[in-house]
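Enquirer: Have a look at the structure that comes next, please.
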Amino acid sequence: MHQIFTQTLLRKITAVIFVATVTLAAAITGCGSDTNTSEDVINEKLGVVRVAPGEAIQIRSLNALSGDSAFLGIGNQRGVEIAIADYGEIKGFSVDLGTGVDGLCAADSGQAAAQTIVAEEQVVGVIGPSCSVTATASAPLITAAGMVMIAPSNTSPSLTSDLQGNPGDNHSPGYFRTAHNDLFQGLVVADFLYNEMGFRVAATIHDGDPYSQGLATAFADAFEALGGAVHSGRVNKEDTNMEPTLIKLAAYKPDALFFPVFRPVGDFIAEQARGIAGLESTRLISAPSLGDDFMRLPQSEGMFFSGPDTRLGTNQNQATGSTAEEVLADYISRYGEEPSSPYWAHSYDATTMLLDAIAASSTIGEDGLLTIDRAEVRNRLYATSNYKGLIGTLSCDEFGDCGAQRLIILEHENPETPEISKDNIVFEYAP
């Protein structure tokens, strides 16, 4: 059932996708020059960073390095490390990543991590964080300090925009991401379930997290626009008993249950749904937030998963000249294992974009000092257009969405061989 997300299918959801596509195209066209159209950036006096001869340019990585979401953060952190090594010096100055900062996958830890970074006044930019909820708390602090933040794996529309020219509730000027906007992922899941699977009734469960709720809402809006019905439920991150919510949703006899949540909530939902009357034939579908370890659980059998397309092949990063195949081989050689995060290449591209912006925004004085203009770094990132990365071609709009938006849905058939399921792609969106 391998299907391509073609223009024919796009026409089926014209009412939803047209505005998003036109707005995104306009934004990309507008950021093709070196002059950013965002007055917030042009008018801000963000200051400069001066680096003395023999010292290093400072950037930082803020990711979930422990806890249930560490699979995202560790893979992202390593992508940054490899990118810095491949990129080399900037005008004779080395780049120092420092120690990875653990923001977990929570707001309070994200705020604490941001405060730690902001205290280091020489830091120019930050790669991360891993999770949307962490970004809602850390991005305002990071960007207010004049730094830029480029996130490889948080996808909530609230952090950028609604793709119709309106900033999200959690948007901060100076925040960017190479990850996709979940309005696209919501459309992809909706189109797959409605047009490919023929489903007409769906249910969603979210946990109130900006990512979880944002993606569940994006899917529901798109599925309803196609003519389907969606019934929504909510649980809490600390809940272990999902049956009350599942029983409520089972009354509608949904064809599919979409629950883009993190572990361990996802573990309980998938396990307990199997025993609820009315959900016996309901197909379960989730997202990258559950990770590879979840796919080894028996309750994951038969599920669909949506997420970024990691078939990157010979895609080449324009800053380093490295291909995705080469970087992946280097990753395995360095760390002795496959990437735990599907966003490792997004992290690599985010890092080279930042380093390119720093290189273009810095000058060396007669005293040998390297002066980096913070506002110009920000402007250069907003001006990113047709940047060739490992994940594809990246262009940043005025709200910081830069991602290539390549997405897939896979069918997971055997928990004993989850690596095989990663090749069992049943739907793809390749703009």
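In the structure tokens, chains take letters A, B, ... by order of appearance, with residues numbered from 1 within each chain and ligands from 1 in the order shown.
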Could you pull out the strand (DSSP E) residues of range 220-394 of chain A from DSSP and send them as a PyMOL selection string?
Expert: chain A and resi 229-234+256-258+283-286+304-308+362-364+370-373+387-389+392-394
Enquirer: I'd like the contact shell of Gly100 in chain A - 7 Å cut-off, only C-alpha atoms, skipping same-chain residues fewer than 6 positions apart - returned as a ChimeraX atom specification.
Expert: /A:60-62
Enquirer: Could you turn the residues from that selection into a file that holds C-alpha atoms, as a tab-separated table (two decimals), in the first residue's frame?
Expert:
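Result file out24.tsv:
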chain	number	residue	atom	x	y	z
A	60	ARG	CA	25.31	25.33	23.28
A	61	SER	CA	23.09	22.27	22.90
A	62	LEU	CA	19.95	22.06	25.05
Enquirer: Just the number, please: distance in Å from CA of Thr143 in chain A to CA of Pro173 in chain A, one decimal.
Expert: 6.8 Å
Enquirer: Neighbouring residues of Gly291 in chain A were defined as those with any atom within 12 Å, considering only C-alpha atoms; residues of the same chain fewer than 3 positions away were excluded. Please report them as a PDB file with all heavy atoms, in the first residue's frame.
Expert:
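Done, and the output landed in selection-v3.pdb:
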ATOM      1  N   ASP A  68      12.493   9.763  29.947  1.00  0.00           N
ATOM      2  CA  ASP A  68      11.842   8.968  28.916  1.00  0.00           C
ATOM      3  C   ASP A  68      12.072   9.497  27.500  1.00  0.00           C
ATOM      4  O   ASP A  68      11.898   8.758  26.533  1.00  0.00           O
ATOM      5  CB  ASP A  68      10.336   8.893  29.173  1.00  0.00           C
ATOM      6  CG  ASP A  68       9.996   8.054  30.401  1.00  0.00           C
ATOM      7  OD1 ASP A  68      10.655   7.016  30.597  1.00  0.00           O
ATOM      8  OD2 ASP A  68       9.086   8.445  31.168  1.00  0.00           O
ATOM      9  N   SER A  69      12.441  10.783  27.374  1.00  0.00           N
ATOM     10  CA  SER A  69      12.646  11.372  26.044  1.00  0.00           C
ATOM     11  C   SER A  69      14.113  11.513  25.683  1.00  0.00           C
ATOM     12  O   SER A  69      14.456  12.188  24.714  1.00  0.00           O
ATOM     13  CB  SER A  69      11.959  12.746  25.972  1.00  0.00           C
ATOM     14  OG  SER A  69      10.575  12.630  26.196  1.00  0.00           O
ATOM     15  N   ALA A  70      14.985  10.860  26.457  1.00  0.00           N
ATOM     16  CA  ALA A  70      16.425  10.962  26.202  1.00  0.00           C
ATOM     17  C   ALA A  70      16.799  10.412  24.826  1.00  0.00           C
ATOM     18  O   ALA A  70      17.805  10.827  24.251  1.00  0.00           O
ATOM     19  CB  ALA A  70      17.208  10.231  27.288  1.00  0.00           C
ATOM     20  N   PHE A  71      15.995   9.495  24.283  1.00  0.00           N
ATOM     21  CA  PHE A  71      16.298   8.960  22.955  1.00  0.00           C
ATOM     22  C   PHE A  71      16.308  10.080  21.921  1.00  0.00           C
ATOM     23  O   PHE A  71      17.065  10.027  20.936  1.00  0.00           O
ATOM     24  CB  PHE A  71      15.291   7.867  22.565  1.00  0.00           C
ATOM     25  CG  PHE A  71      13.924   8.375  22.191  1.00  0.00           C
ATOM     26  CD1 PHE A  71      13.600   8.648  20.885  1.00  0.00           C
ATOM     27  CD2 PHE A  71      12.953   8.580  23.181  1.00  0.00           C
ATOM     28  CE1 PHE A  71      12.337   9.108  20.536  1.00  0.00           C
ATOM     29  CE2 PHE A  71      11.692   9.049  22.850  1.00  0.00           C
ATOM     30  CZ  PHE A  71      11.384   9.319  21.521  1.00  0.00           C
ATOM     31  N   LEU A  72      15.469  11.105  22.124  1.00  0.00           N
ATOM     32  CA  LEU A  72      15.473  12.258  21.234  1.00  0.00           C
ATOM     33  C   LEU A  72      16.717  13.117  21.454  1.00  0.00           C
ATOM     34  O   LEU A  72      17.433  13.455  20.517  1.00  0.00           O
ATOM     35  CB  LEU A  72      14.226  13.121  21.472  1.00  0.00           C
ATOM     36  CG  LEU A  72      12.895  12.659  20.896  1.00  0.00           C
ATOM     37  CD1 LEU A  72      11.780  13.574  21.372  1.00  0.00           C
ATOM     38  CD2 LEU A  72      12.946  12.631  19.378  1.00  0.00           C
ATOM     39  N   GLY A  73      16.966  13.458  22.709  1.00  0.00           N
ATOM     40  CA  GLY A  73      18.019  14.405  23.026  1.00  0.00           C
ATOM     41  C   GLY A  73      19.421  13.902  22.763  1.00  0.00           C
ATOM     42  O   GLY A  73      20.279  14.651  22.276  1.00  0.00           O
ATOM     43  N   GLY A  75      20.411  11.600  20.580  1.00  0.00           N
ATOM     44  CA  GLY A  75      20.644  11.584  19.137  1.00  0.00           C
ATOM     45  C   GLY A  75      20.858  12.981  18.584  1.00  0.00           C
ATOM     46  O   GLY A  75      21.720  13.205  17.721  1.00  0.00           O
ATOM     47  N   PRO A 260      -0.682  11.019  19.878  1.00  0.00           N
ATOM     48  CA  PRO A 260       0.696  11.507  19.793  1.00  0.00           C
ATOM     49  C   PRO A 260       1.182  11.962  21.172  1.00  0.00           C
ATOM     50  O   PRO A 260       1.184  13.161  21.494  1.00  0.00           O
ATOM     51  CB  PRO A 260       0.583  12.683  18.817  1.00  0.00           C
ATOM     52  CG  PRO A 260      -0.804  13.211  19.043  1.00  0.00           C
ATOM     53  CD  PRO A 260      -1.654  12.011  19.377  1.00  0.00           C
ATOM     54  N   VAL A 261       1.596  11.020  21.988  1.00  0.00           N
ATOM     55  CA  VAL A 261       2.004  11.296  23.363  1.00  0.00           C
ATOM     56  C   VAL A 261       3.396  10.706  23.601  1.00  0.00           C
ATOM     57  O   VAL A 261       3.979  10.052  22.737  1.00  0.00           O
ATOM     58  CB  VAL A 261       1.004  10.705  24.380  1.00  0.00           C
ATOM     59  CG1 VAL A 261      -0.366  11.349  24.230  1.00  0.00           C
ATOM     60  CG2 VAL A 261       0.905   9.184  24.204  1.00  0.00           C
ATOM     61  N   PHE A 262       3.926  10.939  24.795  1.00  0.00           N
ATOM     62  CA  PHE A 262       5.216  10.395  25.186  1.00  0.00           C
ATOM     63  C   PHE A 262       5.014   9.157  26.067  1.00  0.00           C
ATOM     64  O   PHE A 262       3.917   8.864  26.525  1.00  0.00           O
ATOM     65  CB  PHE A 262       6.026  11.446  25.946  1.00  0.00           C
ATOM     66  CG  PHE A 262       6.436  12.626  25.101  1.00  0.00           C
ATOM     67  CD1 PHE A 262       5.647  13.774  25.034  1.00  0.00           C
ATOM     68  CD2 PHE A 262       7.612  12.592  24.364  1.00  0.00           C
ATOM     69  CE1 PHE A 262       6.017  14.858  24.251  1.00  0.00           C
ATOM     70  CE2 PHE A 262       7.997  13.668  23.578  1.00  0.00           C
ATOM     71  CZ  PHE A 262       7.196  14.802  23.520  1.00  0.00           C
ATOM     72  N   ARG A 263       6.100   8.461  26.305  1.00  0.00           N
ATOM     73  CA  ARG A 263       6.090   7.370  27.263  1.00  0.00           C
ATOM     74  C   ARG A 263       6.180   7.953  28.674  1.00  0.00           C
ATOM     75  O   ARG A 263       6.754   9.022  28.867  1.00  0.00           O
ATOM     76  CB  ARG A 263       7.260   6.425  27.010  1.00  0.00           C
ATOM     77  CG  ARG A 263       7.268   5.804  25.599  1.00  0.00           C
ATOM     78  CD  ARG A 263       8.359   4.776  25.457  1.00  0.00           C
ATOM     79  NE  ARG A 263       8.039   3.581  26.247  1.00  0.00           N
ATOM     80  CZ  ARG A 263       8.896   2.601  26.438  1.00  0.00           C
ATOM     81  NH1 ARG A 263      10.120   2.663  25.930  1.00  0.00           N
ATOM     82  NH2 ARG A 263       8.540   1.552  27.146  1.00  0.00           N
ATOM     83  N   PRO A 264       5.601   7.268  29.665  1.00  0.00           N
ATOM     84  CA  PRO A 264       4.947   5.959  29.591  1.00  0.00           C
ATOM     85  C   PRO A 264       3.456   6.025  29.263  1.00  0.00           C
ATOM     86  O   PRO A 264       2.808   4.987  29.213  1.00  0.00           O
ATOM     87  CB  PRO A 264       5.163   5.415  31.002  1.00  0.00           C
ATOM     88  CG  PRO A 264       5.128   6.625  31.876  1.00  0.00           C
ATOM     89  CD  PRO A 264       5.792   7.716  31.076  1.00  0.00           C
ATOM     90  N   GLY A 266       1.935   6.578  26.504  1.00  0.00           N
ATOM     91  CA  GLY A 266       1.633   5.811  25.299  1.00  0.00           C
ATOM     92  C   GLY A 266       1.623   4.311  25.535  1.00  0.00           C
ATOM     93  O   GLY A 266       0.830   3.584  24.920  1.00  0.00           O
ATOM     94  N   ASP A 267       2.492   3.840  26.439  1.00  0.00           N
ATOM     95  CA  ASP A 267       2.516   2.412  26.766  1.00  0.00           C
ATOM     96  C   ASP A 267       1.166   1.957  27.310  1.00  0.00           C
ATOM     97  O   ASP A 267       0.624   0.923  26.908  1.00  0.00           O
ATOM     98  CB  ASP A 267       3.579   2.124  27.833  1.00  0.00           C
ATOM     99  CG  ASP A 267       4.988   2.504  27.397  1.00  0.00           C
ATOM    100  OD1 ASP A 267       5.132   3.251  26.409  1.00  0.00           O
ATOM    101  OD2 ASP A 267       5.929   2.060  28.066  1.00  0.00           O
ATOM    102  N   SER A 286       0.347   6.492  16.226  1.00  0.00           N
ATOM    103  CA  SER A 286       1.036   7.472  17.062  1.00  0.00           C
ATOM    104  C   SER A 286       2.117   8.175  16.250  1.00  0.00           C
ATOM    105  O   SER A 286       2.056   8.208  15.013  1.00  0.00           O
ATOM    106  CB  SER A 286       1.609   6.806  18.319  1.00  0.00           C
ATOM    107  OG  SER A 286       2.042   7.796  19.244  1.00  0.00           O
ATOM    108  N   ALA A 287       3.123   8.726  16.933  1.00  0.00           N
ATOM    109  CA  ALA A 287       4.072   9.635  16.313  1.00  0.00           C
ATOM    110  C   ALA A 287       5.481   9.373  16.849  1.00  0.00           C
ATOM    111  O   ALA A 287       5.685   8.473  17.670  1.00  0.00           O
ATOM    112  CB  ALA A 287       3.621  11.073  16.577  1.00  0.00           C
ATOM    113  N   PRO A 288       6.495  10.161  16.446  1.00  0.00           N
ATOM    114  CA  PRO A 288       7.879   9.884  16.854  1.00  0.00           C
ATOM    115  C   PRO A 288       8.131  10.011  18.349  1.00  0.00           C
ATOM    116  O   PRO A 288       9.182   9.580  18.831  1.00  0.00           O
ATOM    117  CB  PRO A 288       8.693  10.937  16.088  1.00  0.00           C
ATOM    118  CG  PRO A 288       7.831  11.404  14.997  1.00  0.00           C
ATOM    119  CD  PRO A 288       6.432  11.287  15.499  1.00  0.00           C
ATOM    120  N   PHE A 294       9.563   1.738  22.438  1.00  0.00           N
ATOM    121  CA  PHE A 294       8.131   1.452  22.467  1.00  0.00           C
ATOM    122  C   PHE A 294       7.782   0.411  21.407  1.00  0.00           C
ATOM    123  O   PHE A 294       6.930  -0.457  21.635  1.00  0.00           O
ATOM    124  CB  PHE A 294       7.320   2.725  22.232  1.00  0.00           C
ATOM    125  CG  PHE A 294       5.840   2.479  22.093  1.00  0.00           C
ATOM    126  CD1 PHE A 294       5.030   2.383  23.209  1.00  0.00           C
ATOM    127  CD2 PHE A 294       5.251   2.329  20.841  1.00  0.00           C
ATOM    128  CE1 PHE A 294       3.661   2.127  23.090  1.00  0.00           C
ATOM    129  CE2 PHE A 294       3.896   2.081  20.700  1.00  0.00           C
ATOM    130  CZ  PHE A 294       3.105   1.981  21.833  1.00  0.00           C
ATOM    131  N   MET A 295       8.440   0.491  20.266  1.00  0.00           N
ATOM    132  CA  MET A 295       8.137  -0.428  19.169  1.00  0.00           C
ATOM    133  C   MET A 295       8.552  -1.860  19.481  1.00  0.00           C
ATOM    134  O   MET A 295       8.219  -2.773  18.725  1.00  0.00           O
ATOM    135  CB  MET A 295       8.807   0.057  17.880  1.00  0.00           C
ATOM    136  CG  MET A 295       8.257   1.386  17.377  1.00  0.00           C
ATOM    137  SD  MET A 295       9.134   2.023  15.927  1.00  0.00           S
ATOM    138  CE  MET A 295       8.616   0.846  14.668  1.00  0.00           C
ATOM    139  N   ARG A 296       9.254  -2.074  20.582  1.00  0.00           N
ATOM    140  CA  ARG A 296       9.617  -3.427  21.005  1.00  0.00           C
ATOM    141  C   ARG A 296       8.586  -4.029  21.959  1.00  0.00           C
ATOM    142  O   ARG A 296       8.690  -5.197  22.328  1.00  0.00           O
ATOM    143  CB  ARG A 296      11.004  -3.408  21.658  1.00  0.00           C
ATOM    144  CG  ARG A 296      12.119  -3.002  20.701  1.00  0.00           C
ATOM    145  CD  ARG A 296      13.491  -3.061  21.369  1.00  0.00           C
ATOM    146  NE  ARG A 296      14.541  -2.753  20.403  1.00  0.00           N
ATOM    147  CZ  ARG A 296      15.029  -1.536  20.181  1.00  0.00           C
ATOM    148  NH1 ARG A 296      14.564  -0.516  20.892  1.00  0.00           N
ATOM    149  NH2 ARG A 296      15.967  -1.333  19.286  1.00  0.00           N
ATOM    150  N   LEU A 297       7.600  -3.221  22.375  1.00  0.00           N
ATOM    151  CA  LEU A 297       6.561  -3.713  23.273  1.00  0.00           C
ATOM    152  C   LEU A 297       5.504  -4.493  22.487  1.00  0.00           C
ATOM    153  O   LEU A 297       5.167  -4.125  21.358  1.00  0.00           O
ATOM    154  CB  LEU A 297       5.902  -2.546  24.001  1.00  0.00           C
ATOM    155  CG  LEU A 297       6.799  -1.683  24.892  1.00  0.00           C
ATOM    156  CD1 LEU A 297       5.999  -0.536  25.501  1.00  0.00           C
ATOM    157  CD2 LEU A 297       7.453  -2.521  25.980  1.00  0.00           C
ATOM    158  N   SER A 300       2.562  -2.730  20.693  1.00  0.00           N
ATOM    159  CA  SER A 300       2.815  -1.867  19.530  1.00  0.00           C
ATOM    160  C   SER A 300       2.531  -2.572  18.209  1.00  0.00           C
ATOM    161  O   SER A 300       2.487  -1.929  17.149  1.00  0.00           O
ATOM    162  CB  SER A 300       4.267  -1.384  19.537  1.00  0.00           C
ATOM    163  OG  SER A 300       5.164  -2.457  19.282  1.00  0.00           O
ATOM    164  N   PHE A 305       2.730   4.553  12.565  1.00  0.00           N
ATOM    165  CA  PHE A 305       3.487   5.646  13.149  1.00  0.00           C
ATOM    166  C   PHE A 305       3.765   6.696  12.071  1.00  0.00           C
ATOM    167  O   PHE A 305       4.202   6.361  10.966  1.00  0.00           O
ATOM    168  CB  PHE A 305       4.824   5.160  13.720  1.00  0.00           C
ATOM    169  CG  PHE A 305       4.694   4.273  14.917  1.00  0.00           C
ATOM    170  CD1 PHE A 305       4.572   2.898  14.777  1.00  0.00           C
ATOM    171  CD2 PHE A 305       4.671   4.815  16.196  1.00  0.00           C
ATOM    172  CE1 PHE A 305       4.437   2.074  15.876  1.00  0.00           C
ATOM    173  CE2 PHE A 305       4.523   3.994  17.312  1.00  0.00           C
ATOM    174  CZ  PHE A 305       4.421   2.626  17.151  1.00  0.00           C
ATOM    175  N   SER A 306       3.514   7.951  12.401  1.00  0.00           N
ATOM    176  CA  SER A 306       3.866   9.041  11.500  1.00  0.00           C
ATOM    177  C   SER A 306       5.154   9.688  12.001  1.00  0.00           C
ATOM    178  O   SER A 306       5.495   9.583  13.184  1.00  0.00           O
ATOM    179  CB  SER A 306       2.740  10.081  11.455  1.00  0.00           C
ATOM    180  OG  SER A 306       2.566  10.678  12.737  1.00  0.00           O
ATOM    181  N   GLY A 307       5.869  10.365  11.102  1.00  0.00           N
ATOM    182  CA  GLY A 307       7.091  11.029  11.528  1.00  0.00           C
ATOM    183  C   GLY A 307       7.920  11.507  10.358  1.00  0.00           C
ATOM    184  O   GLY A 307       7.513  11.393   9.186  1.00  0.00           O
ATOM    185  N   PRO A 339      21.501   5.981  15.307  1.00  0.00           N
ATOM    186  CA  PRO A 339      20.899   7.114  16.017  1.00  0.00           C
ATOM    187  C   PRO A 339      19.614   6.713  16.721  1.00  0.00           C
ATOM    188  O   PRO A 339      18.787   5.988  16.168  1.00  0.00           O
ATOM    189  CB  PRO A 339      20.616   8.121  14.905  1.00  0.00           C
ATOM    190  CG  PRO A 339      21.573   7.773  13.812  1.00  0.00           C
ATOM    191  CD  PRO A 339      21.705   6.278  13.870  1.00  0.00           C
ATOM    192  N   SER A 340      19.453   7.182  17.944  1.00  0.00           N
ATOM    193  CA  SER A 340      18.228   6.913  18.689  1.00  0.00           C
ATOM    194  C   SER A 340      17.119   7.884  18.314  1.00  0.00           C
ATOM    195  O   SER A 340      15.951   7.635  18.580  1.00  0.00           O
ATOM    196  CB  SER A 340      18.505   7.006  20.196  1.00  0.00           C
ATOM    197  OG  SER A 340      19.034   8.291  20.530  1.00  0.00           O
ATOM    198  N   SER A 341      17.499   9.006  17.729  1.00  0.00           N
ATOM    199  CA  SER A 341      16.527  10.024  17.359  1.00  0.00           C
ATOM    200  C   SER A 341      16.342  10.066  15.854  1.00  0.00           C
ATOM    201  O   SER A 341      17.325  10.017  15.106  1.00  0.00           O
ATOM    202  CB  SER A 341      16.995  11.405  17.843  1.00  0.00           C
ATOM    203  OG  SER A 341      16.238  12.444  17.252  1.00  0.00           O
ATOM    204  N   PRO A 342      15.101  10.189  15.371  1.00  0.00           N
ATOM    205  CA  PRO A 342      14.907  10.349  13.932  1.00  0.00           C
ATOM    206  C   PRO A 342      15.300  11.742  13.457  1.00  0.00           C
ATOM    207  O   PRO A 342      15.274  12.026  12.265  1.00  0.00           O
ATOM    208  CB  PRO A 342      13.401  10.109  13.757  1.00  0.00           C
ATOM    209  CG  PRO A 342      12.804  10.515  15.056  1.00  0.00           C
ATOM    210  CD  PRO A 342      13.821  10.129  16.102  1.00  0.00           C
ATOM    211  N   TYR A 343      15.681  12.607  14.404  1.00  0.00           N
ATOM    212  CA  TYR A 343      15.998  14.000  14.079  1.00  0.00           C
ATOM    213  C   TYR A 343      17.495  14.304  14.138  1.00  0.00           C
ATOM    214  O   TYR A 343      17.886  15.460  14.203  1.00  0.00           O
ATOM    215  CB  TYR A 343      15.255  14.925  15.044  1.00  0.00           C
ATOM    216  CG  TYR A 343      13.750  14.848  14.933  1.00  0.00           C
ATOM    217  CD1 TYR A 343      13.008  14.089  15.844  1.00  0.00           C
ATOM    218  CD2 TYR A 343      13.063  15.528  13.944  1.00  0.00           C
ATOM    219  CE1 TYR A 343      11.626  14.014  15.744  1.00  0.00           C
ATOM    220  CE2 TYR A 343      11.679  15.461  13.838  1.00  0.00           C
ATOM    221  CZ  TYR A 343      10.964  14.704  14.741  1.00  0.00           C
ATOM    222  OH  TYR A 343       9.597  14.637  14.649  1.00  0.00           O
ATOM    223  N   PRO A 418      11.708  -4.363  15.114  1.00  0.00           N
ATOM    224  CA  PRO A 418      11.253  -2.999  14.823  1.00  0.00           C
ATOM    225  C   PRO A 418      12.050  -2.315  13.726  1.00  0.00           C
ATOM    226  O   PRO A 418      11.524  -1.437  13.029  1.00  0.00           O
ATOM    227  CB  PRO A 418      11.426  -2.286  16.163  1.00  0.00           C
ATOM    228  CG  PRO A 418      12.440  -3.086  16.911  1.00  0.00           C
ATOM    229  CD  PRO A 418      12.207  -4.500  16.488  1.00  0.00           C
ATOM    230  N   GLU A 419      13.308  -2.734  13.543  1.00  0.00           N
ATOM    231  CA  GLU A 419      14.129  -2.100  12.518  1.00  0.00           C
ATOM    232  C   GLU A 419      13.576  -2.372  11.115  1.00  0.00           C
ATOM    233  O   GLU A 419      13.713  -1.545  10.201  1.00  0.00           O
ATOM    234  CB  GLU A 419      15.583  -2.576  12.609  1.00  0.00           C
ATOM    235  CG  GLU A 419      15.811  -4.055  12.367  1.00  0.00           C
ATOM    236  CD  GLU A 419      15.501  -4.934  13.561  1.00  0.00           C
ATOM    237  OE1 GLU A 419      15.146  -4.401  14.634  1.00  0.00           O
ATOM    238  OE2 GLU A 419      15.619  -6.170  13.437  1.00  0.00           O
ATOM    239  N   LYS A 422      10.764   0.081  10.029  1.00  0.00           N
ATOM    240  CA  LYS A 422      11.161   1.419   9.583  1.00  0.00           C
ATOM    241  C   LYS A 422      11.213   1.509   8.054  1.00  0.00           C
ATOM    242  O   LYS A 422      11.159   2.610   7.499  1.00  0.00           O
ATOM    243  CB  LYS A 422      12.507   1.790  10.191  1.00  0.00           C
ATOM    244  CG  LYS A 422      12.437   1.993  11.705  1.00  0.00           C
ATOM    245  CD  LYS A 422      13.773   2.422  12.273  1.00  0.00           C
ATOM    246  CE  LYS A 422      13.680   2.642  13.772  1.00  0.00           C
ATOM    247  NZ  LYS A 422      14.970   3.084  14.363  1.00  0.00           N
TER     248      LYS A 422
END
Enquirer: Measuring between only C-alpha atoms, which one of A:Val327, A:Thr310, A:Asp397, A:Asn386 shows the shortest distance to Ile425 in chain A?
Expert: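 Closest candidate: A:Thr310.
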Enquirer: Within 8 Å of range 47-55 of chain A, counting only C-alpha atoms, which residues show up once you throw out same-chain ones fewer than 2 positions away? Write them as a short mmCIF file (atom, residue, chain, number, x, y, z; two decimals) with N, CA and C atoms, in the first residue's frame, please.
Expert:
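Saved as result.cif:
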data_model
loop_
_atom_site.label_atom_id
_atom_site.label_comp_id
_atom_site.auth_asym_id
_atom_site.auth_seq_id
_atom_site.Cartn_x
_atom_site.Cartn_y
_atom_site.Cartn_z
N LYS A 45 18.25 45.97 19.16
CA LYS A 45 19.67 46.14 19.39
C LYS A 45 20.11 44.98 20.27
N ILE A 57 34.55 30.37 19.82
CA ILE A 57 33.15 30.80 19.66
C ILE A 57 32.28 29.82 20.45
N PHE A 93 38.90 30.67 14.22
CA PHE A 93 38.43 30.47 15.59
C PHE A 93 37.69 29.13 15.68
N SER A 94 38.01 28.36 16.69
CA SER A 94 37.32 27.09 16.91
C SER A 94 35.94 27.35 17.50
N GLN A 122 28.73 34.90 26.53
CA GLN A 122 29.44 34.72 25.27
C GLN A 122 28.73 33.77 24.31
N VAL A 124 26.45 32.43 21.58
CA VAL A 124 25.81 33.08 20.44
C VAL A 124 24.48 32.43 20.09
N GLY A 146 19.33 37.82 23.38
CA GLY A 146 20.01 38.14 22.14
C GLY A 146 20.53 36.93 21.40
N GLY A 368 42.67 41.78 16.38
CA GLY A 368 42.55 40.33 16.31
C GLY A 368 41.27 39.79 16.91
N LEU A 369 40.45 40.67 17.49
CA LEU A 369 39.18 40.24 18.08
C LEU A 369 38.18 39.88 16.98
N LEU A 370 37.47 38.78 17.17
CA LEU A 370 36.37 38.41 16.29
C LEU A 370 35.09 39.01 16.89
N THR A 371 34.42 39.87 16.14
CA THR A 371 33.19 40.49 16.61
C THR A 371 32.00 39.89 15.88
N ILE A 372 31.08 39.34 16.64
CA ILE A 372 29.88 38.70 16.08
C ILE A 372 28.67 39.57 16.39
N ASP A 373 27.98 40.01 15.35
CA ASP A 373 26.80 40.85 15.49
C ASP A 373 25.58 39.96 15.71
N ARG A 374 25.01 40.02 16.91
CA ARG A 374 23.88 39.13 17.24
C ARG A 374 22.67 39.36 16.33
N ALA A 375 22.33 40.62 16.07
CA ALA A 375 21.17 40.90 15.23
C ALA A 375 21.39 40.38 13.82
#
Enquirer: Quick one: residues within 9 Å of Ala251 in chain A, only C-alpha atoms, excluding same-chain residues fewer than 2 positions away - as a PyMOL selection string?
Expert: chain A and resi 246-249+253-254+277-279
Enquirer: Nearest to Phe427 in chain A: which of A:Val80, A:Met353, A:Ala114, A:Val188 is it, counting only C-alpha atoms?
Expert: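 Among A:Val80, A:Met353, A:Ala114, A:Val188, it is A:Val188 that comes nearest to Phe427 in chain A.
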Enquirer: Find the distance between CA of Thr217 in chain A and CA of Asn166 in chain A and write it in Å to one decimal.
Expert: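 Taking CA of Thr217 in chain A and CA of Asn166 in chain A, their separation equals 16.8 Å.
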Enquirer: Kindly give the distance, in Å, that separates CA of Thr240 in chain A and CA of Gly214 in chain A, rounded to a single decimal.
Expert: 22.0 Å
Enquirer: Point out the residue among A:Thr160, A:Asp401, A:His412, A:Asp367 with the least atom-to-atom distance to Ile285 in chain A, counting only C-alpha atoms.
Expert: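 Closest to Ile285 in chain A, using only C-alpha atoms: A:His412.
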Enquirer: Give the answer as one residue: which of A:His231, A:Arg406, A:His346, A:Lys388 has the shortest atom-to-atom distance to Gln77 in chain A, using only C-alpha atoms?
Expert: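 Going through A:His231, A:Arg406, A:His346, A:Lys388 one by one, the smallest distance to Gln77 in chain A is for A:His346.
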Enquirer: Can you list every residue in range 68-244 of chain A that DSSP puts in helix (DSSP H, G or I), as a count of residues only?
Expert: 80
Enquirer: Between A:Ile391, A:Val230, A:Leu290, A:Ala145, which residue has the minimum interatomic distance to Thr323 in chain A, considering only C-alpha atoms?
Expert: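 Smallest distance to Thr323 in chain A is found for A:Ile391.
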Enquirer: Extract, using only C-alpha atoms, all DNA, RNA and protein residues at most 9 Å from Gly103 in chain A, discarding same-chain residues fewer than 6 positions from it, and format them as a VMD selection string.
Expert: chain A and resid 62 to 66 73 109 to 114 129 to 131 134 138
Enquirer: Find the spatial neighbours of Leu284 in chain A, counting only C-alpha atoms, within a cut-off of 10 Å - ignore same-chain residues fewer than 4 positions away - and output them as JSON, numbers by chain.
Expert: {"A": [203, 204, 255, 256, 257, 258, 259, 269, 270, 273, 274, 279, 299, 300, 301, 302, 303, 304, 305]}
